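Undergrad: Coordinates in final22.txt, compact mmCIF, C-alpha atoms and all ligand atoms, are listed below.
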# COMPACT_ATOMS: atom_id res chain seq x y z
CA MET A 1 -0.93 -11.27 -23.10
CA ASN A 2 2.49 -12.76 -22.58
CA TYR A 3 3.39 -13.03 -18.92
CA ASN A 4 7.03 -12.29 -19.77
CA ASP A 5 6.27 -9.07 -21.62
CA ASN A 6 8.08 -5.86 -20.78
CA VAL A 7 5.78 -2.87 -20.71
CA THR A 8 6.43 0.85 -20.39
CA VAL A 9 4.22 3.43 -18.71
CA ALA A 10 4.53 7.20 -18.78
CA ALA A 11 5.63 8.32 -15.33
CA GLU A 12 7.65 10.94 -13.51
CA PRO A 13 10.54 11.62 -13.53
CA TYR A 14 10.65 9.39 -16.64
CA GLU A 15 8.95 6.31 -18.03
CA PHE A 16 8.72 3.22 -15.84
CA GLU A 17 9.53 -0.06 -17.56
CA PHE A 18 8.45 -3.27 -15.93
CA ASN A 19 8.29 -6.93 -16.61
CA LEU A 20 4.84 -8.38 -15.93
CA SER A 21 6.16 -11.55 -14.36
CA GLN A 22 8.53 -9.67 -12.06
CA CYS A 23 6.17 -6.98 -10.84
CA ALA A 24 3.65 -7.14 -7.98
CA LEU A 25 0.86 -4.78 -6.99
CA LEU A 26 1.46 -3.91 -3.33
CA ILE A 27 -1.65 -2.52 -1.63
CA ILE A 28 -0.72 -0.88 1.65
CA ASP A 29 -3.04 -0.85 4.69
CA MET A 30 -6.42 -0.26 3.00
CA GLN A 31 -7.98 -1.15 6.35
CA ARG A 32 -11.20 -0.11 8.00
CA ASP A 33 -9.12 1.33 10.89
CA PHE A 34 -7.74 3.94 8.49
CA LEU A 35 -10.65 4.48 6.09
CA GLU A 36 -13.73 4.25 8.29
CA PRO A 37 -14.91 6.28 11.29
CA GLY A 38 -13.96 4.91 14.71
CA GLY A 39 -10.56 3.49 13.86
CA PHE A 40 -6.93 4.40 14.40
CA GLY A 41 -6.94 7.16 11.77
CA GLU A 42 -9.79 8.94 13.48
CA ILE A 43 -8.40 8.61 17.02
CA LEU A 44 -5.25 10.30 15.72
CA GLY A 45 -7.50 13.27 14.93
CA ASN A 46 -7.88 12.73 11.19
CA ASP A 47 -10.82 13.09 8.80
CA VAL A 48 -11.10 9.62 7.27
CA ASN A 49 -13.04 10.98 4.29
CA GLN A 50 -9.75 12.31 2.95
CA LEU A 51 -8.75 8.73 2.11
CA ARG A 52 -12.00 7.57 0.49
CA ARG A 53 -11.11 9.02 -2.93
CA THR A 54 -8.50 6.27 -3.37
CA VAL A 55 -11.04 3.45 -3.16
CA SER A 56 -12.55 3.60 -6.66
CA SER A 57 -9.14 4.10 -8.32
CA ASN A 58 -7.79 1.05 -6.48
CA GLN A 59 -10.86 -0.97 -7.45
CA LYS A 60 -10.39 -0.21 -11.17
CA LEU A 61 -6.68 -0.97 -11.07
CA LEU A 62 -7.16 -4.16 -9.05
CA LYS A 63 -9.78 -5.46 -11.49
CA GLN A 64 -7.45 -4.98 -14.45
CA TRP A 65 -4.42 -6.34 -12.58
CA ARG A 66 -6.29 -9.47 -11.55
CA GLU A 67 -7.67 -9.97 -15.07
CA ALA A 68 -4.08 -9.88 -16.33
CA GLY A 69 -3.28 -12.67 -13.85
CA LEU A 70 -0.60 -10.67 -12.05
CA LYS A 71 0.54 -10.89 -8.42
CA VAL A 72 -1.24 -8.91 -5.72
CA ILE A 73 0.14 -8.52 -2.21
CA TYR A 74 -1.71 -6.75 0.61
CA THR A 75 -0.41 -5.35 3.87
CA ARG A 76 -2.21 -4.58 7.11
CA GLU A 77 -0.86 -2.58 10.03
CA GLY A 78 -1.78 -4.09 13.37
CA HIS A 79 -0.75 -5.96 16.47
CA ARG A 80 -1.08 -9.29 18.18
CA PRO A 81 -4.03 -9.47 20.59
CA ASP A 82 -1.61 -9.65 23.54
CA LEU A 83 0.09 -6.48 22.19
CA SER A 84 3.51 -8.11 22.62
CA ASP A 85 4.64 -6.53 19.32
CA LEU A 86 3.43 -3.03 20.26
CA PRO A 87 6.20 -0.75 21.45
CA LEU A 88 5.20 1.37 24.45
CA SER A 89 6.35 4.40 22.46
CA LYS A 90 3.67 3.71 19.82
CA LYS A 91 0.98 2.93 22.41
CA ILE A 92 1.36 6.20 24.30
CA ARG A 93 2.26 8.50 21.38
CA GLY A 94 -0.15 11.39 21.04
CA ARG A 95 -1.44 11.21 24.64
CA HIS A 96 -4.87 10.13 23.38
CA THR A 97 -7.51 8.86 25.79
CA VAL A 98 -8.06 5.82 23.53
CA CYS A 99 -5.05 4.11 21.96
CA VAL A 100 -3.95 1.00 20.03
CA GLY A 101 -5.36 -2.11 21.67
CA ASP A 102 -8.29 -0.29 23.30
CA LEU A 103 -11.90 -1.04 22.39
CA GLY A 104 -13.39 1.15 19.66
CA PRO A 105 -16.56 0.93 17.54
CA MET A 106 -14.91 -1.63 15.20
CA GLY A 107 -13.36 -3.76 17.93
CA ARG A 108 -9.93 -3.31 19.50
CA ILE A 109 -8.04 -0.66 17.60
CA LEU A 110 -5.35 -1.92 15.20
CA VAL A 111 -5.48 -5.45 16.64
CA ARG A 112 -5.30 -8.45 14.32
CA GLY A 113 -8.56 -10.32 13.95
CA GLU A 114 -10.72 -7.34 14.90
CA PRO A 115 -13.21 -5.92 12.35
CA GLY A 116 -11.43 -2.57 12.13
CA HIS A 117 -8.11 -4.21 11.32
CA ASP A 118 -9.47 -5.92 8.23
CA ILE A 119 -9.18 -4.73 4.64
CA ILE A 120 -12.15 -2.61 3.49
CA PRO A 121 -14.80 -4.75 1.74
CA GLU A 122 -14.43 -2.83 -1.55
CA LEU A 123 -10.88 -4.17 -1.97
CA TYR A 124 -11.11 -7.47 -0.16
CA PRO A 125 -8.31 -9.94 -1.03
CA LEU A 126 -9.12 -13.08 -3.00
CA PRO A 127 -8.02 -16.48 -1.73
CA GLY A 128 -4.36 -16.94 -2.67
CA GLU A 129 -3.46 -13.25 -2.54
CA ALA A 130 -0.78 -12.77 0.10
CA ILE A 131 -1.50 -10.62 3.15
CA ILE A 132 1.44 -9.29 5.13
CA ASP A 133 0.63 -8.39 8.73
CA LYS A 134 3.02 -5.75 9.97
CA CYS A 135 3.48 -4.05 13.31
CA GLY A 136 5.47 -1.11 11.92
CA LYS A 137 5.05 1.48 9.23
CA SER A 138 7.38 -0.12 6.66
CA ALA A 139 5.98 -3.35 5.22
CA PHE A 140 9.49 -4.80 5.44
CA TYR A 141 9.95 -4.23 9.18
CA ALA A 142 9.62 -7.53 11.08
CA THR A 143 7.73 -9.26 8.24
CA ASP A 144 8.43 -11.93 5.62
CA LEU A 145 7.62 -9.60 2.69
CA ASP A 146 11.20 -9.58 1.38
CA ALA A 147 11.38 -13.40 1.48
CA ILE A 148 8.05 -13.71 -0.34
CA LEU A 149 9.09 -11.22 -3.05
CA ARG A 150 12.37 -13.06 -3.58
CA ASN A 151 10.64 -16.42 -3.82
CA TYR A 152 8.23 -15.01 -6.41
CA ASN A 153 11.20 -13.40 -8.25
CA ILE A 154 9.52 -10.01 -7.91
CA LYS A 155 11.87 -7.08 -8.57
CA GLN A 156 9.42 -4.24 -9.15
CA LEU A 157 6.45 -2.99 -7.16
CA ILE A 158 3.45 -0.93 -8.10
CA VAL A 159 2.46 0.64 -4.81
CA THR A 160 -0.96 1.90 -3.69
CA GLY A 161 -2.69 2.44 -0.36
CA VAL A 162 -2.57 4.65 2.71
CA THR A 163 -1.18 6.86 3.95
CA THR A 164 1.09 8.38 1.36
CA GLU A 165 3.55 10.05 3.73
CA VAL A 166 3.49 7.36 6.42
CA CYS A 167 3.25 3.64 5.54
CA VAL A 168 3.47 4.09 1.75
CA SER A 169 6.58 6.28 1.99
CA SER A 170 8.23 4.15 4.69
CA THR A 171 7.68 1.04 2.57
CA VAL A 172 8.86 2.63 -0.69
CA ARG A 173 12.03 3.94 0.94
CA ASP A 174 12.76 0.55 2.47
CA ALA A 175 12.00 -1.24 -0.83
CA ASN A 176 14.32 1.13 -2.68
CA ASP A 177 17.21 0.34 -0.32
CA ARG A 178 16.61 -3.37 -0.91
CA GLY A 179 16.87 -2.92 -4.69
CA TYR A 180 13.19 -2.99 -5.65
CA GLU A 181 11.94 -0.42 -8.17
CA CYS A 182 8.70 1.22 -7.06
CA LEU A 183 6.04 3.00 -9.08
CA VAL A 184 3.62 4.85 -6.81
CA LEU A 185 0.17 5.59 -8.27
CA GLU A 186 -0.86 9.11 -7.25
CA ASP A 187 -4.64 8.57 -7.41
CA CYS A 188 -4.43 5.24 -5.56
CA VAL A 189 -2.48 6.55 -2.55
CA GLY A 190 -4.00 8.92 -0.03
CA SER A 191 -3.13 11.18 2.87
CA TYR A 192 -5.27 12.81 5.53
CA PHE A 193 -3.34 16.00 4.64
CA PRO A 194 -3.57 17.33 1.06
CA SER A 195 -0.23 19.15 1.38
CA PHE A 196 1.52 15.98 2.59
CA GLN A 197 0.09 14.05 -0.37
CA VAL A 198 1.80 16.45 -2.76
CA ALA A 199 5.03 16.67 -0.77
CA ALA A 200 5.37 12.91 -0.28
CA LEU A 201 4.95 12.22 -3.99
CA ASP A 202 7.37 15.04 -4.83
CA MET A 203 9.97 13.49 -2.53
CA ILE A 204 9.68 10.10 -4.20
CA LYS A 205 10.16 11.35 -7.76
CA ALA A 206 12.63 14.22 -7.11
CA GLN A 207 16.33 14.02 -7.91
CA GLY A 208 15.83 11.70 -10.85
CA GLY A 209 13.50 9.41 -8.90
CA ILE A 210 15.51 9.13 -5.70
CA PHE A 211 13.02 6.64 -4.23
CA GLY A 212 11.00 5.70 -7.31
CA TRP A 213 8.46 6.78 -9.92
CA VAL A 214 5.00 8.40 -9.77
CA ALA A 215 2.17 8.02 -12.29
CA HIS A 216 -1.63 8.04 -12.59
CA SER A 217 -3.24 4.59 -12.48
CA ASP A 218 -4.79 5.16 -15.93
CA LYS A 219 -1.32 4.79 -17.41
CA VAL A 220 -0.94 1.29 -15.95
CA ILE A 221 -4.51 0.27 -16.74
CA ASN A 222 -4.10 1.37 -20.37
CA VAL A 223 -0.92 -0.62 -20.97
CA LEU A 224 -2.48 -3.71 -19.39
CA LYS A 225 -5.54 -3.36 -21.63
CA LEU A 226 -3.36 -2.87 -24.71
CA ASP A 227 -1.18 -5.80 -23.76
CA CYS A 228 -4.25 -8.01 -23.25
CA GLU A 229 -5.51 -7.15 -26.74
CA ASN A 230 -2.22 -8.22 -28.37
N1 LIG B 1 -1.33 7.94 10.67
C1 LIG B 1 -1.06 7.70 9.40
O1 LIG B 1 -1.08 8.58 8.55
N2 LIG B 1 -0.76 6.42 9.01
C2 LIG B 1 -0.56 5.34 9.81
O2 LIG B 1 -0.57 5.40 11.03
N3 LIG B 1 -0.37 4.13 9.17
C3 LIG B 1 -0.32 3.99 7.77
O3 LIG B 1 0.04 4.90 7.05
N4 LIG B 1 -0.74 2.84 7.28
Please express what this file holds, its structure, as structure tokens.
TA:
Amino acid sequence: MNYNDNVTVAAEPYEFEFNLSQCALLIIDMQRDFLEPGGFGEILGNDVNQLRRTVSSNQKLLKQWREAGLKVIYTREGHRPDLSDLPLSKKIRGRHTVCVGDLGPMGRILVRGEPGHDIIPELYPLPGEAIIDKCGKSAFYATDLDAILRNYNIKQLIVTGVTTEVCVSSTVRDANDRGYECLVLEDCVGSYFPSFQVAALDMIKAQGGIFGWVAHSDKVINVLKLDCEN
């Protein structure tokens, strides 16, 4: 495989062309706090099992992406232990009895360094893969993600993770405004709400791809395999 190859994958609203050296896989917030019982997702009233179906798809994609030697960047939503980056509005939203920063079964909820804040073991980052810690929903808000992408000369993002209508959508919209082209993989992003999953993906690809493209991960995996064989 030539690192400078351009490849094309079938996508909606039309094919997505990307350059392997200028494209990163951005894995959003695949954290225990969202995917396992006892974390932030559950205290918000959600059934965490809704997100589990994305794990095996992400594993297959990640394996192929790493074998191709391409860039992987992870994000994690969470806060400093002193909660100095946690707006009061976020802390009290929902009027829950337990909130961000409080002790849960996986440590303090959505706090950096706590077990629940970490990436799920199935998708654990390798040494050298960047991890962006973010206090907001968009991965660009108050982070160095944009600087890192520019330094790596990354112009296109293949986006996976959770949740589709919250951190994935916030990040894709922000990326789009900054000039990055985003392909969102429908089987690798997940929502606690099946109807929001559909609506969020529809919003991304509507109007000629107003925020980006949507495809199944098989499409990306297949072109990487083909490209590796050549
Ligand atoms: N609640 C919900 O759907 N999501 C979040 O709070 N964060 C992310 O999407 N990562």
Undergrad: When you draw a straight line from CA of Asn19 in chain A to CA of Gln156 in chain A, how long is it in Å?
TA: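 Spanning CA of Asn19 in chain A to CA of Gln156 in chain A is a straight-line distance of 8.0 Å.
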Undergrad: Taking all atoms listed in the file into account, which residues have an atom no farther than 7 Å from ligand LIG 1 (chain B)? I'd like them as number ranges by chain.
TA: A: 28-29, 41, 44, 77, 137, 162-168, 191-192
Undergrad: Hey, could you pull the box centre and edge lengths for range 15-28 of chain A, axis-aligned, 5 Å padding per side, all listed atoms, to one decimal in Å, as lines of an AutoDock Vina configuration file?
TA:
center_x = 3.9
center_y = -2.6
center_z = -8.2
size_x = 21.2
size_y = 27.9
size_z = 29.7
Undergrad: May I ask for the distance between CA of Gln197 in chain A and CA of Val7 in chain A, given in Å to one decimal place?
TA: 27.1 Å
Undergrad: So which one's closest to Val198 in chain A, A:Val72, A:Val214, A:Leu110, A:Leu20? Using only C-alpha atoms, please.
TA: A:Val214
Undergrad: Would you mind reading off the distance between CA of Asp102 in chain A and CA of Ser169 in chain A, one decimal, in Å?
TA: 26.8 Å
Undergrad: Looking at all atoms listed in the file, which of A:Gln31, A:Ser57, A:Gln50, A:Thr8 is the one that sits closest to Glu114 in chain A?
TA: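 Closest to Glu114 in chain A of all the choices is A:Gln31.
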Undergrad: Pick the closest to Glu36 in chain A from A:Glu15, A:Glu181, A:Asp118, A:Asp5: which is it, counting all atoms listed in the file?
TA: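 Ranked by minimum distance to Glu36 in chain A, first place goes to A:Asp118.
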Undergrad: Using all atoms listed in the file, determine which residues lie at most 12 Å from Val172 in chain A, disregarding the query and same-chain residues fewer than 4 positions distant; provide the list as a ChimeraX atom specification.
TA: /A:26-28,137-140,156-161,163-168,176-185,200-201,203-205,209-214
Undergrad: So, with all atoms listed in the file as the atoms that count, which of A:Asp218, A:Glu17, A:Asp146, A:Asp33 lies closest to Val111 in chain A?
TA: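 Going through A:Asp218, A:Glu17, A:Asp146, A:Asp33 one by one, the smallest distance to Val111 in chain A is for A:Asp33.
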Undergrad: Any chance you could build range 182-202 of chain A out to N, CA, C and O atoms and write it as a compact mmCIF listing (two decimals), in the coordinates of the input?
TA:
# COMPACT_ATOMS: atom_id res chain seq x y z
N CYS A 182 10.10 0.95 -7.44
CA CYS A 182 8.70 1.22 -7.06
C CYS A 182 8.08 2.29 -7.92
O CYS A 182 8.64 3.38 -8.08
N LEU A 183 6.89 1.99 -8.43
CA LEU A 183 6.04 3.00 -9.08
C LEU A 183 4.85 3.24 -8.16
O LEU A 183 4.09 2.32 -7.85
N VAL A 184 4.71 4.48 -7.71
CA VAL A 184 3.62 4.85 -6.81
C VAL A 184 2.52 5.52 -7.63
O VAL A 184 2.79 6.44 -8.41
N LEU A 185 1.28 5.07 -7.46
CA LEU A 185 0.17 5.59 -8.27
C LEU A 185 -0.56 6.70 -7.49
O LEU A 185 -1.18 6.44 -6.45
N GLU A 186 -0.45 7.92 -8.01
CA GLU A 186 -0.86 9.11 -7.25
C GLU A 186 -2.33 9.12 -6.86
O GLU A 186 -2.69 9.62 -5.79
N ASP A 187 -3.20 8.57 -7.71
CA ASP A 187 -4.64 8.57 -7.41
C ASP A 187 -5.04 7.38 -6.55
O ASP A 187 -6.18 7.32 -6.08
N CYS A 188 -4.14 6.45 -6.35
CA CYS A 188 -4.43 5.24 -5.56
C CYS A 188 -3.76 5.28 -4.19
O CYS A 188 -3.84 4.32 -3.43
N VAL A 189 -3.04 6.36 -3.89
CA VAL A 189 -2.48 6.55 -2.55
C VAL A 189 -3.12 7.80 -1.95
O VAL A 189 -3.46 8.73 -2.67
N GLY A 190 -3.30 7.79 -0.64
CA GLY A 190 -4.00 8.92 -0.03
C GLY A 190 -3.42 9.31 1.31
O GLY A 190 -2.85 8.48 2.03
N SER A 191 -3.57 10.61 1.61
CA SER A 191 -3.13 11.18 2.87
C SER A 191 -4.29 11.89 3.52
O SER A 191 -5.18 12.39 2.83
N TYR A 192 -4.28 11.98 4.85
CA TYR A 192 -5.27 12.81 5.53
C TYR A 192 -5.00 14.31 5.28
O TYR A 192 -5.86 15.14 5.53
N PHE A 193 -3.77 14.61 4.82
CA PHE A 193 -3.34 16.00 4.64
C PHE A 193 -3.02 16.26 3.17
O PHE A 193 -2.03 15.72 2.65
N PRO A 194 -3.83 17.08 2.48
CA PRO A 194 -3.57 17.33 1.06
C PRO A 194 -2.15 17.81 0.77
O PRO A 194 -1.54 17.41 -0.22
N SER A 195 -1.59 18.65 1.65
CA SER A 195 -0.23 19.15 1.38
C SER A 195 0.81 18.04 1.52
O SER A 195 1.82 18.03 0.81
N PHE A 196 0.58 17.09 2.43
CA PHE A 196 1.52 15.98 2.59
C PHE A 196 1.45 15.03 1.39
O PHE A 196 2.45 14.42 1.00
N GLN A 197 0.25 14.90 0.82
CA GLN A 197 0.09 14.05 -0.37
C GLN A 197 1.02 14.55 -1.47
O GLN A 197 1.77 13.78 -2.08
N VAL A 198 0.97 15.85 -1.70
CA VAL A 198 1.80 16.45 -2.76
C VAL A 198 3.28 16.31 -2.41
O VAL A 198 4.10 15.88 -3.22
N ALA A 199 3.61 16.68 -1.17
CA ALA A 199 5.03 16.67 -0.77
C ALA A 199 5.61 15.26 -0.80
O ALA A 199 6.74 15.06 -1.26
N ALA A 200 4.85 14.29 -0.33
CA ALA A 200 5.37 12.91 -0.28
C ALA A 200 5.65 12.38 -1.68
O ALA A 200 6.67 11.71 -1.91
N LEU A 201 4.73 12.68 -2.61
CA LEU A 201 4.95 12.22 -3.99
C LEU A 201 6.12 12.97 -4.62
O LEU A 201 6.93 12.36 -5.35
N ASP A 202 6.23 14.26 -4.31
CA ASP A 202 7.37 15.04 -4.83
C ASP A 202 8.69 14.44 -4.35
O ASP A 202 9.66 14.36 -5.10
